[in-house]
$ cat query.cif   # mmCIF, C-alpha atoms
data_structure
#
loop_
_atom_site.label_atom_id
_atom_site.label_comp_id
_atom_site.auth_asym_id
_atom_site.auth_seq_id
_atom_site.Cartn_x
_atom_site.Cartn_y
_atom_site.Cartn_z
CA MET V 249 24.58 9.87 -0.61
CA ASP V 250 21.86 7.76 -2.20
CA GLU V 251 23.04 4.15 -1.98
CA ARG V 252 22.32 3.64 -5.68
CA ILE V 253 24.74 6.44 -6.59
CA GLU V 254 27.30 4.99 -4.23
CA GLN V 255 26.81 1.56 -5.79
CA ALA V 256 27.28 3.04 -9.28
CA GLY V 257 30.67 4.36 -8.13
CA LEU V 258 31.65 0.92 -6.92
CA LEU V 259 30.56 -0.61 -10.22
CA TYR V 260 32.69 1.94 -12.05
CA GLU V 261 35.73 0.78 -10.08
CA ARG V 262 34.94 -2.87 -10.77
CA ALA V 263 34.76 -2.09 -14.50
CA VAL V 264 37.84 0.13 -14.71
CA PHE V 265 40.14 -1.66 -12.28
CA GLY V 266 38.67 -5.14 -12.18
CA GLY V 267 37.85 -5.43 -15.85
CA GLU V 268 34.39 -6.86 -15.13
CA ASP V 269 31.93 -7.04 -18.00
CA GLY V 270 28.30 -5.94 -17.77
CA VAL V 271 28.58 -3.92 -14.57
CA LEU V 272 28.30 -0.55 -16.33
CA GLU V 273 24.85 -1.49 -17.65
CA VAL V 274 23.78 -2.24 -14.08
CA ALA V 275 25.14 1.14 -12.97
CA ASP V 276 23.23 2.86 -15.77
CA ARG V 277 19.96 1.27 -14.65
CA GLN V 278 20.55 2.32 -11.06
CA LEU V 279 21.28 5.91 -12.05
CA ASP V 280 18.23 5.95 -14.34
CA ALA V 281 16.14 4.99 -11.31
CA VAL V 282 17.67 7.84 -9.29
CA GLU V 283 17.02 10.26 -12.16
CA ALA V 284 13.40 9.09 -12.40
CA ASP V 285 12.85 9.60 -8.66
CA LEU V 286 14.37 13.08 -8.87
CA ALA V 287 12.29 14.08 -11.91
CA LEU V 288 9.09 12.93 -10.22
CA ALA V 289 9.94 14.79 -7.01
CA ARG V 290 10.79 18.01 -8.87
CA GLY V 291 7.61 17.77 -10.91
CA LYS V 292 5.51 17.44 -7.76
CA LEU V 293 7.17 20.53 -6.29
CA LEU V 294 6.30 22.49 -9.43
CA HIS V 295 2.71 21.27 -9.11
CA ALA V 296 2.57 22.48 -5.52
CA ARG V 297 3.82 25.89 -6.70
CA PHE V 298 1.07 25.93 -9.32
CA LEU V 299 -1.54 25.30 -6.62
CA GLU V 300 -0.11 28.23 -4.64
CA GLN V 301 0.36 30.70 -7.48
CA ARG V 302 -1.92 29.41 -10.28
CA VAL V 303 0.85 29.95 -12.82
CA GLY V 304 1.69 26.91 -14.94
CA ASP V 305 5.22 25.76 -15.74
CA ALA V 306 5.70 23.51 -18.77
CA ARG V 307 8.66 21.87 -17.05
CA GLU V 308 6.20 20.10 -14.74
CA LEU V 309 4.82 17.96 -17.56
CA GLU V 310 8.30 17.38 -19.00
CA LEU V 311 9.52 16.07 -15.65
CA PHE V 312 6.57 13.70 -15.19
CA GLU V 313 6.95 12.35 -18.73
CA GLN V 314 10.70 11.91 -18.22
CA ALA V 315 10.08 10.01 -14.99
CA ALA V 316 7.47 7.76 -16.64
CA ARG V 317 9.85 6.94 -19.50
CA LEU V 318 12.77 6.15 -17.20
CA TYR V 319 10.65 3.98 -14.92
CA ARG V 320 9.22 2.14 -17.92
CA GLU V 321 12.66 1.53 -19.43
CA SER V 322 13.94 0.19 -16.12
CA GLY V 323 10.94 -2.12 -15.70
CA ASP V 324 9.59 -0.31 -12.63
CA GLY V 325 5.84 -0.58 -13.12
CA ARG V 326 5.00 0.92 -9.75
CA GLY V 327 7.10 4.00 -10.46
CA GLU V 328 5.71 4.34 -13.96
CA GLY V 329 2.18 4.20 -12.56
CA GLU V 330 2.90 7.02 -10.13
CA ALA V 331 4.53 9.15 -12.84
CA LEU V 332 1.54 8.58 -15.14
CA LEU V 333 -0.79 9.58 -12.29
CA TRP V 334 0.98 12.92 -12.05
CA THR V 335 0.98 13.30 -15.81
CA GLY V 336 -2.79 12.92 -15.68
CA ILE V 337 -3.07 15.36 -12.79
CA TYR V 338 -1.08 17.91 -14.77
CA HIS V 339 -3.41 17.63 -17.77
CA GLN V 340 -6.51 17.82 -15.58
CA VAL V 341 -5.56 20.47 -13.03
CA VAL V 342 -3.06 22.66 -14.88
CA GLY V 343 -4.19 22.12 -18.47
CA GLY V 344 -7.93 21.67 -17.82
CA ASP V 345 -7.86 18.84 -20.37
CA ASN V 346 -9.62 15.68 -19.22
CA ASP V 347 -9.40 14.18 -22.72
CA ARG V 348 -5.64 13.90 -22.17
CA ALA V 349 -5.84 13.30 -18.42
CA VAL V 350 -8.14 10.27 -18.40
CA PRO V 351 -6.04 7.96 -20.65
CA ALA V 352 -2.94 8.65 -18.52
CA LEU V 353 -4.93 8.01 -15.34
CA GLU V 354 -6.37 4.78 -16.69
CA ARG V 355 -2.90 3.48 -17.65
CA ALA V 356 -1.67 4.52 -14.22
CA HIS V 357 -4.55 2.65 -12.59
CA ALA V 358 -3.66 -0.63 -14.29
CA LEU V 359 0.00 -0.34 -13.25
CA ALA V 360 -0.72 0.75 -9.68
CA GLU V 361 -3.27 -2.04 -9.17
CA ARG V 362 -0.76 -4.58 -10.46
CA ALA V 363 1.89 -3.21 -8.08
CA GLY V 364 -0.51 -3.12 -5.11
CA ASP V 365 0.13 0.61 -4.52
CA ARG V 366 -3.09 1.54 -2.72
CA LEU V 367 -2.10 5.16 -2.07
CA VAL V 368 -1.46 5.85 -5.76
CA VAL V 369 -4.69 4.03 -6.63
CA SER V 370 -6.56 6.32 -4.22
CA TYR V 371 -5.20 9.38 -6.03
CA ILE V 372 -6.06 7.93 -9.44
CA LEU V 373 -9.62 7.16 -8.36
CA ARG V 374 -9.99 10.68 -6.97
CA HIS V 375 -8.98 12.27 -10.25
CA LEU V 376 -11.00 9.85 -12.37
CA GLY V 377 -13.93 10.79 -10.14
CA ILE V 378 -13.29 14.47 -10.76
CA ALA V 379 -13.22 13.83 -14.51
CA ALA V 380 -16.53 11.93 -14.32
CA HIS V 381 -18.09 14.73 -12.24
CA MET V 382 -16.99 17.35 -14.75
CA ALA V 383 -18.54 15.23 -17.53
CA GLY V 384 -21.84 15.05 -15.64
CA ARG V 385 -21.58 11.34 -14.78
CA LEU V 386 -22.48 11.79 -11.13
CA GLY V 387 -23.00 8.12 -10.26
CA GLU V 388 -19.61 7.13 -11.62
CA ALA V 389 -17.98 10.11 -9.91
CA ARG V 390 -19.50 9.15 -6.57
CA GLU V 391 -18.37 5.54 -6.88
CA ARG V 392 -14.80 6.55 -7.74
CA LEU V 393 -14.52 8.97 -4.83
CA GLU V 394 -16.15 6.58 -2.37
CA GLU V 395 -13.66 3.87 -3.30
CA SER V 396 -10.82 6.38 -2.90
CA VAL V 397 -12.18 7.29 0.54
CA ARG V 398 -12.27 3.61 1.51
CA LEU V 399 -8.64 3.13 0.55
CA ARG V 400 -7.55 6.30 2.31
CA ARG V 401 -9.31 5.29 5.51
CA GLN V 402 -7.46 1.97 5.37
CA LEU V 403 -4.18 3.83 4.90
CA ASP V 404 -4.92 6.24 7.79
CA PHE V 405 -4.75 9.28 5.50
CA PRO V 406 -7.32 11.61 7.10
CA ALA V 407 -6.39 14.72 5.12
CA GLY V 408 -6.89 12.78 1.90
CA VAL V 409 -10.22 11.41 3.15
CA ALA V 410 -11.34 14.94 3.98
CA ALA V 411 -10.40 16.22 0.51
CA ASN V 412 -12.50 13.48 -1.07
CA LEU V 413 -15.43 14.18 1.24
CA VAL V 414 -15.51 17.73 -0.08
CA GLY V 415 -15.81 16.33 -3.59
CA LEU V 416 -18.55 13.97 -2.48
CA ALA V 417 -20.41 16.91 -0.93
CA TYR V 418 -20.47 18.69 -4.29
CA ILE V 419 -21.81 15.52 -5.91
CA ALA V 420 -24.46 15.15 -3.21
CA ALA V 421 -25.54 18.74 -3.77
CA ALA V 422 -25.76 18.14 -7.53
CA GLU V 423 -27.96 15.11 -6.78
CA GLU V 424 -30.14 17.32 -4.54
CA ARG V 425 -29.07 15.51 -1.37
CA SER V 426 -28.44 18.68 0.61
CA GLN V 427 -28.52 17.02 4.04
CA ASP V 428 -25.92 14.48 2.94
CA ALA V 429 -23.78 17.30 1.56
CA ARG V 430 -23.82 19.10 4.90
CA GLY V 431 -22.91 15.92 6.76
CA LEU V 432 -20.02 15.21 4.42
CA LEU V 433 -18.64 18.70 4.89
CA GLU V 434 -18.98 18.41 8.66
CA GLU V 435 -16.93 15.20 8.68
CA ALA V 436 -14.42 16.71 6.26
CA ALA V 437 -13.94 19.70 8.58
CA THR V 438 -13.43 17.43 11.60
CA LEU V 439 -10.88 15.25 9.84
CA ALA V 440 -9.03 18.17 8.26
CA GLY V 441 -8.88 20.03 11.56
CA ALA V 442 -7.46 17.02 13.38
CA ALA V 443 -4.87 16.55 10.61
CA ASP V 444 -3.99 20.27 10.57
CA ALA V 445 -4.84 20.27 6.84
CA LYS V 446 -5.45 24.00 6.45
CA ALA V 447 -5.79 23.89 2.67
CA VAL V 448 -8.55 21.28 2.95
CA LEU V 449 -10.28 23.38 5.62
CA ARG V 450 -10.29 26.28 3.17
CA SER V 451 -11.90 23.96 0.60
CA VAL V 452 -14.56 23.03 3.17
CA ASP V 453 -15.31 26.69 3.87
CA GLU V 454 -15.50 27.42 0.14
CA ALA V 455 -17.85 24.50 -0.41
CA ARG V 456 -20.12 25.66 2.40
CA GLY V 457 -20.30 29.05 0.73
CA ASN V 458 -21.04 27.55 -2.67
CA LEU V 459 -23.54 24.94 -1.51
#

$ encode --input "query.cif" --output "structure tokens"
Amino acid sequence: MDERIEQAGLLYERAVFGGEDGVLEVADRQLDAVEADLALARGKLLHARFLEQRVGDARELELFEQAARLYRESGDGRGEGEALLWTGIYHQVVGGDNDRAVPALERAHALAERAGDRLVVSYILRHLGIAAHMAGRLGEARERLEESVRLRRQLDFPAGVAANLVGLAYIAAAEERSQDARGLLEEAATLAGAADAKAVLRSVDEARGNL
């Protein structure tokens, strides 16, 4: 059992049998945090199913928004930042709507930076880079993805580095740097292969075909 749920049970007993004041509010906050974690996790699973099947499920957005609200109400800025990241990803990837994605990602960035959550920041920068690329702002897109790569190398996240290198290869090709694009894809393939990241390897193969 999650220790927060167990603690809520103990607080119930202290309120009912011990007559303590204020403990039920503490229990509520702990259970809200559990509910937020669960909503975020379920939303991410629905997103993974979307990537497999390419069929959207409106519950995904509802879960991310629920998680963001619960984290915000409990004062968990780090959690709210992660939930807002996934809200932005939903709008960008599932909804194809960067006008709604970017504000959520920018709010997430401020919260994640404040919390020092480098992994979440790396995801935010990746998706802000994608938005910039789609808008034709290649320089900004490159800077965002390069900073995400730097963070992911620090965090020893080779599959994530490889995914970003594929994006950088597309940008290099758009900037007519074909040799750089090939080199980026070669490194991406090496990193993805070592990490057994088959989905990223498929992205590398697709990019080679497109570029």

$ closest_residue --input "query.cif" --among "V:Ile378, V:Ala296, V:Phe265, V:Ala417" --to "Asp345 (chain V)" --atoms "all atoms listed in the file"
V:Ile378

$ resolve_selection --input "query.cif" --expression "the PyMOL selection byres ((chain V and resi 256) around 10)" --output "ChimeraX atom specification"
/V:251-255,257-262,271-279

$ residues_around --input "query.cif" --residues "region 310-312 of chain V" --least-positions-apart "2" --cutoff "12 Å" --atoms "all atoms listed in the file" --output "compact mmCIF listing (two decimals) with C-alpha atoms, in the frame of the given file"
# COMPACT_ATOMS: atom_id res chain seq x y z
CA GLU V 283 17.02 10.26 -12.16
CA ALA V 284 13.40 9.09 -12.40
CA ASP V 285 12.85 9.60 -8.66
CA LEU V 286 14.37 13.08 -8.87
CA ALA V 287 12.29 14.08 -11.91
CA LEU V 288 9.09 12.93 -10.22
CA ALA V 289 9.94 14.79 -7.01
CA ARG V 290 10.79 18.01 -8.87
CA GLY V 291 7.61 17.77 -10.91
CA LYS V 292 5.51 17.44 -7.76
CA LEU V 293 7.17 20.53 -6.29
CA LEU V 294 6.30 22.49 -9.43
CA HIS V 295 2.71 21.27 -9.11
CA ASP V 305 5.22 25.76 -15.74
CA ALA V 306 5.70 23.51 -18.77
CA ARG V 307 8.66 21.87 -17.05
CA GLU V 308 6.20 20.10 -14.74
CA GLN V 314 10.70 11.91 -18.22
CA ALA V 315 10.08 10.01 -14.99
CA ALA V 316 7.47 7.76 -16.64
CA ARG V 317 9.85 6.94 -19.50
CA LEU V 318 12.77 6.15 -17.20
CA TYR V 319 10.65 3.98 -14.92
CA GLY V 327 7.10 4.00 -10.46
CA GLU V 328 5.71 4.34 -13.96
CA GLY V 329 2.18 4.20 -12.56
CA GLU V 330 2.90 7.02 -10.13
CA ALA V 331 4.53 9.15 -12.84
CA LEU V 332 1.54 8.58 -15.14
CA LEU V 333 -0.79 9.58 -12.29
CA TRP V 334 0.98 12.92 -12.05
CA THR V 335 0.98 13.30 -15.81
CA GLY V 336 -2.79 12.92 -15.68
CA ILE V 337 -3.07 15.36 -12.79
CA TYR V 338 -1.08 17.91 -14.77
CA HIS V 339 -3.41 17.63 -17.77
CA ALA V 352 -2.94 8.65 -18.52

$ closest_residue --input "query.cif" --among "V:Ala410, V:Leu403, V:Ala455, V:Ala389" --to "Arg374 (chain V)" --atoms "all atoms listed in the file"
V:Ala389

$ atom_distance --input "query.cif" --atom1 "CA of Leu393 (chain V)" --atom2 "CA of Val369 (chain V)"
11.1 Å

$ residues_near_point --input "query.cif" --point "(-11.6, 22.5, 1.0)" --cutoff "12 Å" --atoms "only C-alpha atoms" --output "PDB file with C-alpha atoms, in the frame of the given file"
ATOM      1  CA  ALA V 407      -6.390  14.720   5.120  1.00  0.00           C
ATOM      2  CA  GLY V 408      -6.890  12.780   1.900  1.00  0.00           C
ATOM      3  CA  VAL V 409     -10.220  11.410   3.150  1.00  0.00           C
ATOM      4  CA  ALA V 410     -11.340  14.940   3.980  1.00  0.00           C
ATOM      5  CA  ALA V 411     -10.400  16.220   0.510  1.00  0.00           C
ATOM      6  CA  ASN V 412     -12.500  13.480  -1.070  1.00  0.00           C
ATOM      7  CA  LEU V 413     -15.430  14.180   1.240  1.00  0.00           C
ATOM      8  CA  VAL V 414     -15.510  17.730  -0.080  1.00  0.00           C
ATOM      9  CA  GLY V 415     -15.810  16.330  -3.590  1.00  0.00           C
ATOM     10  CA  LEU V 416     -18.550  13.970  -2.480  1.00  0.00           C
ATOM     11  CA  ALA V 417     -20.410  16.910  -0.930  1.00  0.00           C
ATOM     12  CA  TYR V 418     -20.470  18.690  -4.290  1.00  0.00           C
ATOM     13  CA  LEU V 432     -20.020  15.210   4.420  1.00  0.00           C
ATOM     14  CA  LEU V 433     -18.640  18.700   4.890  1.00  0.00           C
ATOM     15  CA  GLU V 434     -18.980  18.410   8.660  1.00  0.00           C
ATOM     16  CA  GLU V 435     -16.930  15.200   8.680  1.00  0.00           C
ATOM     17  CA  ALA V 436     -14.420  16.710   6.260  1.00  0.00           C
ATOM     18  CA  ALA V 437     -13.940  19.700   8.580  1.00  0.00           C
ATOM     19  CA  THR V 438     -13.430  17.430  11.600  1.00  0.00           C
ATOM     20  CA  LEU V 439     -10.880  15.250   9.840  1.00  0.00           C
ATOM     21  CA  ALA V 440      -9.030  18.170   8.260  1.00  0.00           C
ATOM     22  CA  GLY V 441      -8.880  20.030  11.560  1.00  0.00           C
ATOM     23  CA  ALA V 445      -4.840  20.270   6.840  1.00  0.00           C
ATOM     24  CA  LYS V 446      -5.450  24.000   6.450  1.00  0.00           C
ATOM     25  CA  ALA V 447      -5.790  23.890   2.670  1.00  0.00           C
ATOM     26  CA  VAL V 448      -8.550  21.280   2.950  1.00  0.00           C
ATOM     27  CA  LEU V 449     -10.280  23.380   5.620  1.00  0.00           C
ATOM     28  CA  ARG V 450     -10.290  26.280   3.170  1.00  0.00           C
ATOM     29  CA  SER V 451     -11.900  23.960   0.600  1.00  0.00           C
ATOM     30  CA  VAL V 452     -14.560  23.030   3.170  1.00  0.00           C
ATOM     31  CA  ASP V 453     -15.310  26.690   3.870  1.00  0.00           C
ATOM     32  CA  GLU V 454     -15.500  27.420   0.140  1.00  0.00           C
ATOM     33  CA  ALA V 455     -17.850  24.500  -0.410  1.00  0.00           C
ATOM     34  CA  ARG V 456     -20.120  25.660   2.400  1.00  0.00           C
ATOM     35  CA  GLY V 457     -20.300  29.050   0.730  1.00  0.00           C
ATOM     36  CA  ASN V 458     -21.040  27.550  -2.670  1.00  0.00           C
TER      37      ASN V 458
END

$ atom_distance --input "query.cif" --atom1 "CA of Leu376 (chain V)" --atom2 "CA of Arg392 (chain V)"
6.8 Å

$ atom_distance --input "query.cif" --atom1 "CA of Pro406 (chain V)" --atom2 "CA of Ile419 (chain V)"
19.9 Å

$ resolve_selection --input "query.cif" --expression "the PyMOL selection byres ((chain V and resi 370) around 9)" --output "list in words"
Asp365, Arg366, Leu367, Val368, Val369, Tyr371, Ile372, Leu373, Arg374, His375, Arg392, Leu393, Glu395, Ser396, Val397, Arg398, Leu399, Arg400 and Gly408 of chain V

$ closest_residue --input "query.cif" --among "V:Ala383, V:Leu459, V:Val264, V:Val282" --to "Arg425 (chain V)" --atoms "only C-alpha atoms"
V:Leu459

$ closest_residue --input "query.cif" --among "V:Val342, V:Ala358, V:Ala263, V:Gly323" --to "Leu299 (chain V)" --atoms "only C-alpha atoms"
V:Val342

$ closest_residue --input "query.cif" --among "V:Ala363, V:Ala420, V:Ala349, V:Val341" --to "Arg326 (chain V)" --atoms "all atoms listed in the file"
V:Ala363
